[in-house]
2 protein chains.
Amino acid sequence: MPKDVKRLYLTESEVNEMLDMKLALDALDEVFRARSAGEVRNEPRHRLAAGNGSMNFMAAAWPEKGWAGHKSYVNGDFRVMLYGTRGEGLLAVIGAGRMGQVRTGAASGIATRYMARENSSSVGIIGSGYQAETQLEAVCAVRDIKDVKVFSRTAEKRDRFASVMSDRLGVNIVAVDSKEAAADGMDILVAVTSSVDPVITGDMIEPGIHINAAGNNSWMKRELDTAAIVKADLVACDDIDQSKIECGELMRAVEVGQFAWESLVRLDRIVAGLRTARNSDTDVTLFESQGVAFEDLAVCGRLYELALERGVGTELG
Amino acid sequence: MPKDVKRLYLTESEVNEMLDMKLALDALDEVFRARSAGEVRNEPRHRLAAGNGSMNFMAAAWPEKGWAGHKSYVNGDFRVMLYGTRGEGLLAVIGAGRMGQVRTGAASGIATRYMARENSSSVGIIGSGYQAETQLEAVCAVRDIKDVKVFSRTAEKRDRFASVMSDRLGVNIVAVDSKEAAADGMDILVAVTSSVDPVITGDMIEPGIHINAAGNNSWMKRELDTAAIVKADLVACDDIDQSKIECGELMRAVEVGQFAWESLVRLDRIVAGLRTARNSDTDVTLFESQGVAFEDLAVCGRLYELALERGVGTELG
């Protein structure tokens, strides 16, 4: 490798020190624009059965930026390998659990920035797990949110989420006792569950709402029923190839003739201004977040640069 | 991760200290048997364009052994990530350039062990690059080889190969000035080139010969012409899925109706004794080596165990 290249090992806690939502939002905004210009290659997630779980791996390359890399994970241990594409070889091995959580939030943040009504001020969130925190944080980072309602099945968990997150984000969060109550009258609705049965049904969709469906990444599950998908005037995703193999709700809607893959829009085209997200304040918009490798690559490239700048990480031989 | 698990970073030179052909042959013999028993999952190589080259990545899981992992490489920097499948998470990041060279040799060694005539004593080898060395070493490890002929286009390189390798392996190696001369009268023939045009043609195939085609892994190239493939009584490969996207000579033979994918045999079935390689000493056998992820996984799993035993490598946090 070129003499002055540093090869770094970054642990989860080192990443946690450096990573915030702003870094992830900036990284994703940039990489979505680059993708719309044809600069980014992405390979959907693959899975191999591996004992009690599976090995997952997904890869991307962004040669104009000088980065290629992949994320893999087995039993909850997430790692990204970052390579330089200008002869440097391996640049970093990066603990990527927290990173994945933040970048998945940030993807919904980007979708919200470009798809939700400008004056959106309320959010309903269904799900209160660890991914729900960054979903809400990202939405609050891109819109002036005043009111939040949260529902999840266990009262204790949704109460705790409301309390912890209202302190952290400085917004009013109320735990409610049904998914319908969480959706009622909200400008933005977020589903971040691992539900097999739809948590957002057609009757919950009101004019003008923007929805982020950020939970599932398996065709065996779904968060929206087909009636809800049909009500959307525009459906966007981070990657169409990956949606076709992982997005259970769209796959079902296509199978029953209620949705066409041809109408699915890549978020990068909206970010780059090549496509309008909404024609009016009553349009319903839906972002189907899959979580893709180029998002990991963009965030991890910035983490590597920041680690160099701050002298964080263990140097590898 | 469980308390007593060590996570290691192994450099190319540390791997080089530990790795020999015997380790690779033993590892591959074991993993081919395991694969025939359905214990191994494999994902073919994928490539993404990345600047001056491409990022390559390929993955495998062998949960019965407790390992899952993948190899990736960009611009000649090869790395394997090895995970434990029993809750350990990441076990090792392993420099995998030399490893790949040895395991590719060993795959041809295994094929030769189970497919070539027992009394094979001569080898013709076409190609004299760095992959040619381990190809010859592996064949010499599984058969009592007395005579070797080598051809490659540059006289200086084939002469050097003959000199260096006859010292190293203690066999008689003669550099010859045509590919036909390298094949003439030999029991085993090895092609290990990156040729676009076939180096083994139908007229070079004599009864009883075993051929290892180990060079190409791109559909744009080929080492055998279709006439040579037609002369083979049995064609084996390490992975059928990968052959269908990378084995240029078989893809062409199928396209022109001279070969059927249904007749392609997985080497693991031969190793496990589920399939006979040859019915007579005049049968022609052909091994199409693609180089697949479960081979990397098997060798790297053993390297990790050996490194633990010997205290080699840098411990990662």
# chains A, B, ... in the order shown; residues from 1 in each chain; ligands from 1

$ residues_around --residues "segment 206-216 of chain B" --least-positions-apart "3" --cutoff "8 Å" --atoms "only C-alpha atoms" --output "ChimeraX atom specification"
/B:104,108,111-112,115-117,131,185-195,203,221-224,247-248,280-290

$ residues_around --residues "segment 88-94 of chain B" --least-positions-apart "3" --cutoff "6 Å" --atoms "only C-alpha atoms" --output "short mmCIF file (atom, residue, chain, number, x, y, z; two decimals) with N, CA and C atoms, in the first residue's frame"
data_model
loop_
_atom_site.label_atom_id
_atom_site.label_comp_id
_atom_site.auth_asym_id
_atom_site.auth_seq_id
_atom_site.Cartn_x
_atom_site.Cartn_y
_atom_site.Cartn_z
N ASP A 77 -22.99 -9.66 15.60
CA ASP A 77 -21.68 -8.99 15.52
C ASP A 77 -21.54 -8.43 14.10
N MET B 1 -19.07 -11.40 23.25
CA MET B 1 -18.61 -12.74 22.86
C MET B 1 -18.23 -13.53 24.11
N PRO B 2 -18.26 -14.87 24.02
CA PRO B 2 -17.84 -15.69 25.16
C PRO B 2 -16.44 -15.25 25.61
N ARG B 7 -9.82 -12.92 19.38
CA ARG B 7 -10.08 -12.34 18.07
C ARG B 7 -8.73 -11.91 17.50
N LEU B 8 -8.38 -12.45 16.35
CA LEU B 8 -7.01 -12.26 15.84
C LEU B 8 -6.95 -11.53 14.51
N TYR B 9 -5.90 -10.75 14.35
CA TYR B 9 -5.53 -10.16 13.07
C TYR B 9 -4.27 -10.86 12.60
N LEU B 10 -4.36 -11.53 11.45
CA LEU B 10 -3.22 -12.28 10.92
C LEU B 10 -2.75 -11.65 9.61
N ARG B 79 -8.46 -10.34 1.74
CA ARG B 79 -8.72 -10.51 3.17
C ARG B 79 -9.86 -11.49 3.39
N VAL B 80 -9.72 -12.31 4.42
CA VAL B 80 -10.82 -13.17 4.84
C VAL B 80 -11.27 -12.73 6.22
N MET B 81 -12.59 -12.64 6.39
CA MET B 81 -13.17 -12.45 7.72
C MET B 81 -13.77 -13.77 8.14
N LEU B 82 -13.33 -14.24 9.30
CA LEU B 82 -13.82 -15.52 9.84
C LEU B 82 -14.68 -15.24 11.07
N TYR B 83 -15.91 -15.72 11.03
CA TYR B 83 -16.82 -15.60 12.18
C TYR B 83 -17.04 -16.97 12.81
N GLY B 84 -17.27 -16.99 14.11
CA GLY B 84 -17.78 -18.19 14.76
C GLY B 84 -19.30 -18.18 14.69
#

$ interface_residues --of "chain A" --to "chain B" --cutoff "6 Å" --atoms "only C-alpha atoms" --output "list in words"
Ala50, Gly51, Ala61, Pro63, Asp77, Thr85 and Gly89 of chain A

$ atom_distance --atom1 "atom CA of Phe294 of chain A" --atom2 "atom CA of Gly100 of chain A"
11.6 Å

$ select_by_dssp --residues "segment 258-296 of chain B" --states "helix (DSSP H, G or I)" --output "list in words"
Trp261, Glu262, Ser263, Leu267, Asp268, Arg269, Ile270, Val271, Ala293, Phe294, Glu295 and Asp296 of chain B

$ write_last_selection --atoms "C-alpha atoms" --output "compact mmCIF listing (two decimals), in the first residue's frame"
# COMPACT_ATOMS: atom_id res chain seq x y z
CA TRP B 261 -24.81 -28.36 -17.24
CA GLU B 262 -26.66 -31.47 -16.05
CA SER B 263 -23.56 -33.56 -16.77
CA LEU B 267 -15.97 -32.58 -6.98
CA ASP B 268 -17.25 -33.13 -3.46
CA ARG B 269 -19.40 -36.02 -4.69
CA ILE B 270 -16.33 -37.70 -6.13
CA VAL B 271 -14.27 -37.06 -2.98
CA ALA B 293 -15.50 -19.41 -0.78
CA PHE B 294 -15.90 -22.64 1.20
CA GLU B 295 -12.33 -23.54 0.26
CA ASP B 296 -11.14 -20.25 1.75

$ select_by_dssp --residues "segment 9-191 of chain A" --states "strand (DSSP E or B)" --output "PyMOL selection string"
chain A and resi 9-10+41-50+53-62+67-74+77-84+89-95+122-126+147-151+172-175+188-191

$ closest_residue --among "B:Val292, B:Gln258, B:Arg35, B:Val174" --to "Ala155 of chain B" --atoms "only C-alpha atoms"
B:Val174

$ residues_around --residues "segment 240-244 of chain B" --least-positions-apart "2" --cutoff "8 Å" --atoms "only C-alpha atoms" --output "ChimeraX atom specification"
/B:44-45,237-238,246-247,250-251,264-266,290,292

$ write_last_selection --atoms "C-alpha atoms" --output "short mmCIF file (atom, residue, chain, number, x, y, z; two decimals), in the first residue's frame"
data_model
loop_
_atom_site.label_atom_id
_atom_site.label_comp_id
_atom_site.auth_asym_id
_atom_site.auth_seq_id
_atom_site.Cartn_x
_atom_site.Cartn_y
_atom_site.Cartn_z
CA PRO B 44 -20.50 -17.51 -5.62
CA ARG B 45 -18.13 -14.63 -6.21
CA CYS B 237 -15.95 -28.50 -10.76
CA ASP B 238 -15.80 -27.14 -7.24
CA GLU B 246 -17.49 -17.71 -14.43
CA CYS B 247 -16.38 -20.77 -16.40
CA LEU B 250 -18.09 -24.49 -20.23
CA MET B 251 -20.47 -21.59 -20.83
CA LEU B 264 -21.25 -31.35 -14.69
CA VAL B 265 -20.26 -33.16 -11.47
CA ARG B 266 -19.41 -31.53 -8.15
CA GLN B 290 -13.30 -21.94 -10.04
CA VAL B 292 -14.79 -20.89 -4.18
#

$ residues_around --residues "segment 13-15 of chain A" --least-positions-apart "6" --cutoff "8 Å" --atoms "only C-alpha atoms" --output "mmCIF file with N, CA and C atoms, in the first residue's frame"
data_model
loop_
_atom_site.group_PDB
_atom_site.id
_atom_site.type_symbol
_atom_site.label_atom_id
_atom_site.label_comp_id
_atom_site.auth_asym_id
_atom_site.auth_seq_id
_atom_site.Cartn_x
_atom_site.Cartn_y
_atom_site.Cartn_z
ATOM 1 N N ILE A 94 -14.333 -2.032 10.801
ATOM 2 C CA ILE A 94 -15.112 -1.121 11.646
ATOM 3 C C ILE A 94 -16.277 -1.845 12.312
ATOM 4 N N GLY A 95 -16.343 -1.780 13.622
ATOM 5 C CA GLY A 95 -17.507 -2.297 14.346
ATOM 6 C C GLY A 95 -18.749 -1.545 13.888
ATOM 7 N N ALA A 96 -19.804 -2.272 13.487
ATOM 8 C CA ALA A 96 -20.855 -1.625 12.709
ATOM 9 C C ALA A 96 -22.264 -1.861 13.243
ATOM 10 N N ARG A 98 -23.829 -0.211 16.105
ATOM 11 C CA ARG A 98 -24.379 1.131 16.324
ATOM 12 C C ARG A 98 -24.449 1.900 14.991
ATOM 13 N N MET A 99 -23.422 1.742 14.171
ATOM 14 C CA MET A 99 -23.397 2.413 12.873
ATOM 15 C C MET A 99 -24.649 2.062 12.066
ATOM 16 N N LEU A 303 -16.401 7.866 8.819
ATOM 17 C CA LEU A 303 -15.870 7.479 10.141
ATOM 18 C C LEU A 303 -14.369 7.253 10.067
ATOM 19 N N VAL A 312 -8.076 8.299 16.396
ATOM 20 C CA VAL A 312 -8.830 7.230 17.067
ATOM 21 C C VAL A 312 -8.543 5.889 16.387
ATOM 22 N N GLY A 313 -8.566 4.799 17.135
ATOM 23 C CA GLY A 313 -8.464 3.466 16.545
ATOM 24 C C GLY A 313 -7.103 2.832 16.717
#

$ atom_distance --atom1 "atom CA of Ile126 of chain A" --atom2 "atom CA of Lys231 of chain A"
18.9 Å

$ decode --residues "segment 84-151 of chain A" --atoms "C-alpha atoms" --output "PDB file, in the first residue's frame"
ATOM      1  CA  GLY A  84      -9.464   2.150  -0.819  1.00  0.00           C
ATOM      2  CA  THR A  85      -9.907   1.878  -4.590  1.00  0.00           C
ATOM      3  CA  ARG A  86      -6.716   3.753  -5.470  1.00  0.00           C
ATOM      4  CA  GLY A  87      -4.212   1.097  -4.538  1.00  0.00           C
ATOM      5  CA  GLU A  88      -4.440   1.446  -0.761  1.00  0.00           C
ATOM      6  CA  GLY A  89      -6.016  -1.963  -0.148  1.00  0.00           C
ATOM      7  CA  LEU A  90      -7.741  -2.443   3.189  1.00  0.00           C
ATOM      8  CA  LEU A  91      -8.309   0.845   5.028  1.00  0.00           C
ATOM      9  CA  ALA A  92     -10.330  -0.221   8.043  1.00  0.00           C
ATOM     10  CA  VAL A  93     -12.268  -2.890   9.879  1.00  0.00           C
ATOM     11  CA  ILE A  94     -15.112  -1.121  11.646  1.00  0.00           C
ATOM     12  CA  GLY A  95     -17.507  -2.297  14.346  1.00  0.00           C
ATOM     13  CA  ALA A  96     -20.855  -1.625  12.709  1.00  0.00           C
ATOM     14  CA  GLY A  97     -23.721  -2.409  15.094  1.00  0.00           C
ATOM     15  CA  ARG A  98     -24.379   1.131  16.324  1.00  0.00           C
ATOM     16  CA  MET A  99     -23.397   2.413  12.873  1.00  0.00           C
ATOM     17  CA  GLY A 100     -26.170   0.348  11.261  1.00  0.00           C
ATOM     18  CA  GLN A 101     -28.708   1.657  13.714  1.00  0.00           C
ATOM     19  CA  VAL A 102     -27.747   5.286  13.040  1.00  0.00           C
ATOM     20  CA  ARG A 103     -27.554   4.915   9.253  1.00  0.00           C
ATOM     21  CA  THR A 104     -30.972   3.236   9.138  1.00  0.00           C
ATOM     22  CA  GLY A 105     -32.374   6.157  11.070  1.00  0.00           C
ATOM     23  CA  ALA A 106     -30.581   8.566   8.770  1.00  0.00           C
ATOM     24  CA  ALA A 107     -32.043   6.907   5.652  1.00  0.00           C
ATOM     25  CA  SER A 108     -35.520   7.624   6.996  1.00  0.00           C
ATOM     26  CA  GLY A 109     -34.302  11.118   7.844  1.00  0.00           C
ATOM     27  CA  ILE A 110     -33.267  11.707   4.236  1.00  0.00           C
ATOM     28  CA  ALA A 111     -36.561  10.299   2.967  1.00  0.00           C
ATOM     29  CA  THR A 112     -38.443  12.578   5.352  1.00  0.00           C
ATOM     30  CA  ARG A 113     -36.381  15.615   4.342  1.00  0.00           C
ATOM     31  CA  TYR A 114     -37.286  15.170   0.660  1.00  0.00           C
ATOM     32  CA  MET A 115     -40.707  13.498   0.818  1.00  0.00           C
ATOM     33  CA  ALA A 116     -42.650  14.762   3.853  1.00  0.00           C
ATOM     34  CA  ARG A 117     -44.560  18.042   3.886  1.00  0.00           C
ATOM     35  CA  GLU A 118     -42.285  20.946   4.875  1.00  0.00           C
ATOM     36  CA  ASN A 119     -44.593  21.937   7.736  1.00  0.00           C
ATOM     37  CA  SER A 120     -44.840  18.450   9.247  1.00  0.00           C
ATOM     38  CA  SER A 121     -44.759  18.810  13.017  1.00  0.00           C
ATOM     39  CA  SER A 122     -46.109  15.542  14.421  1.00  0.00           C
ATOM     40  CA  VAL A 123     -44.871  11.958  14.281  1.00  0.00           C
ATOM     41  CA  GLY A 124     -46.535   8.660  15.141  1.00  0.00           C
ATOM     42  CA  ILE A 125     -44.128   5.812  15.728  1.00  0.00           C
ATOM     43  CA  ILE A 126     -45.039   2.142  15.935  1.00  0.00           C
ATOM     44  CA  GLY A 127     -42.298   0.155  17.604  1.00  0.00           C
ATOM     45  CA  SER A 128     -40.084   1.148  20.532  1.00  0.00           C
ATOM     46  CA  GLY A 129     -37.001  -1.033  20.094  1.00  0.00           C
ATOM     47  CA  TYR A 130     -33.414   0.129  19.612  1.00  0.00           C
ATOM     48  CA  GLN A 131     -34.025   0.990  15.946  1.00  0.00           C
ATOM     49  CA  ALA A 132     -36.973   3.205  16.898  1.00  0.00           C
ATOM     50  CA  GLU A 133     -34.710   5.649  18.732  1.00  0.00           C
ATOM     51  CA  THR A 134     -32.634   6.610  15.713  1.00  0.00           C
ATOM     52  CA  GLN A 135     -35.729   6.686  13.484  1.00  0.00           C
ATOM     53  CA  LEU A 136     -37.281   9.337  15.656  1.00  0.00           C
ATOM     54  CA  GLU A 137     -34.018  11.211  16.150  1.00  0.00           C
ATOM     55  CA  ALA A 138     -33.518  11.430  12.375  1.00  0.00           C
ATOM     56  CA  VAL A 139     -37.041  12.684  11.668  1.00  0.00           C
ATOM     57  CA  CYS A 140     -36.651  15.311  14.407  1.00  0.00           C
ATOM     58  CA  ALA A 141     -33.373  16.396  12.803  1.00  0.00           C
ATOM     59  CA  VAL A 142     -35.011  17.260   9.474  1.00  0.00           C
ATOM     60  CA  ARG A 143     -38.432  18.639  10.516  1.00  0.00           C
ATOM     61  CA  ASP A 144     -39.548  20.885  13.334  1.00  0.00           C
ATOM     62  CA  ILE A 145     -41.364  18.207  15.319  1.00  0.00           C
ATOM     63  CA  LYS A 146     -43.531  19.231  18.275  1.00  0.00           C
ATOM     64  CA  ASP A 147     -45.590  16.154  19.078  1.00  0.00           C
ATOM     65  CA  VAL A 148     -44.859  12.449  19.025  1.00  0.00           C
ATOM     66  CA  LYS A 149     -47.055   9.458  19.795  1.00  0.00           C
ATOM     67  CA  VAL A 150     -45.542   6.049  20.299  1.00  0.00           C
ATOM     68  CA  PHE A 151     -47.164   2.638  20.359  1.00  0.00           C
TER      69      PHE A 151
END
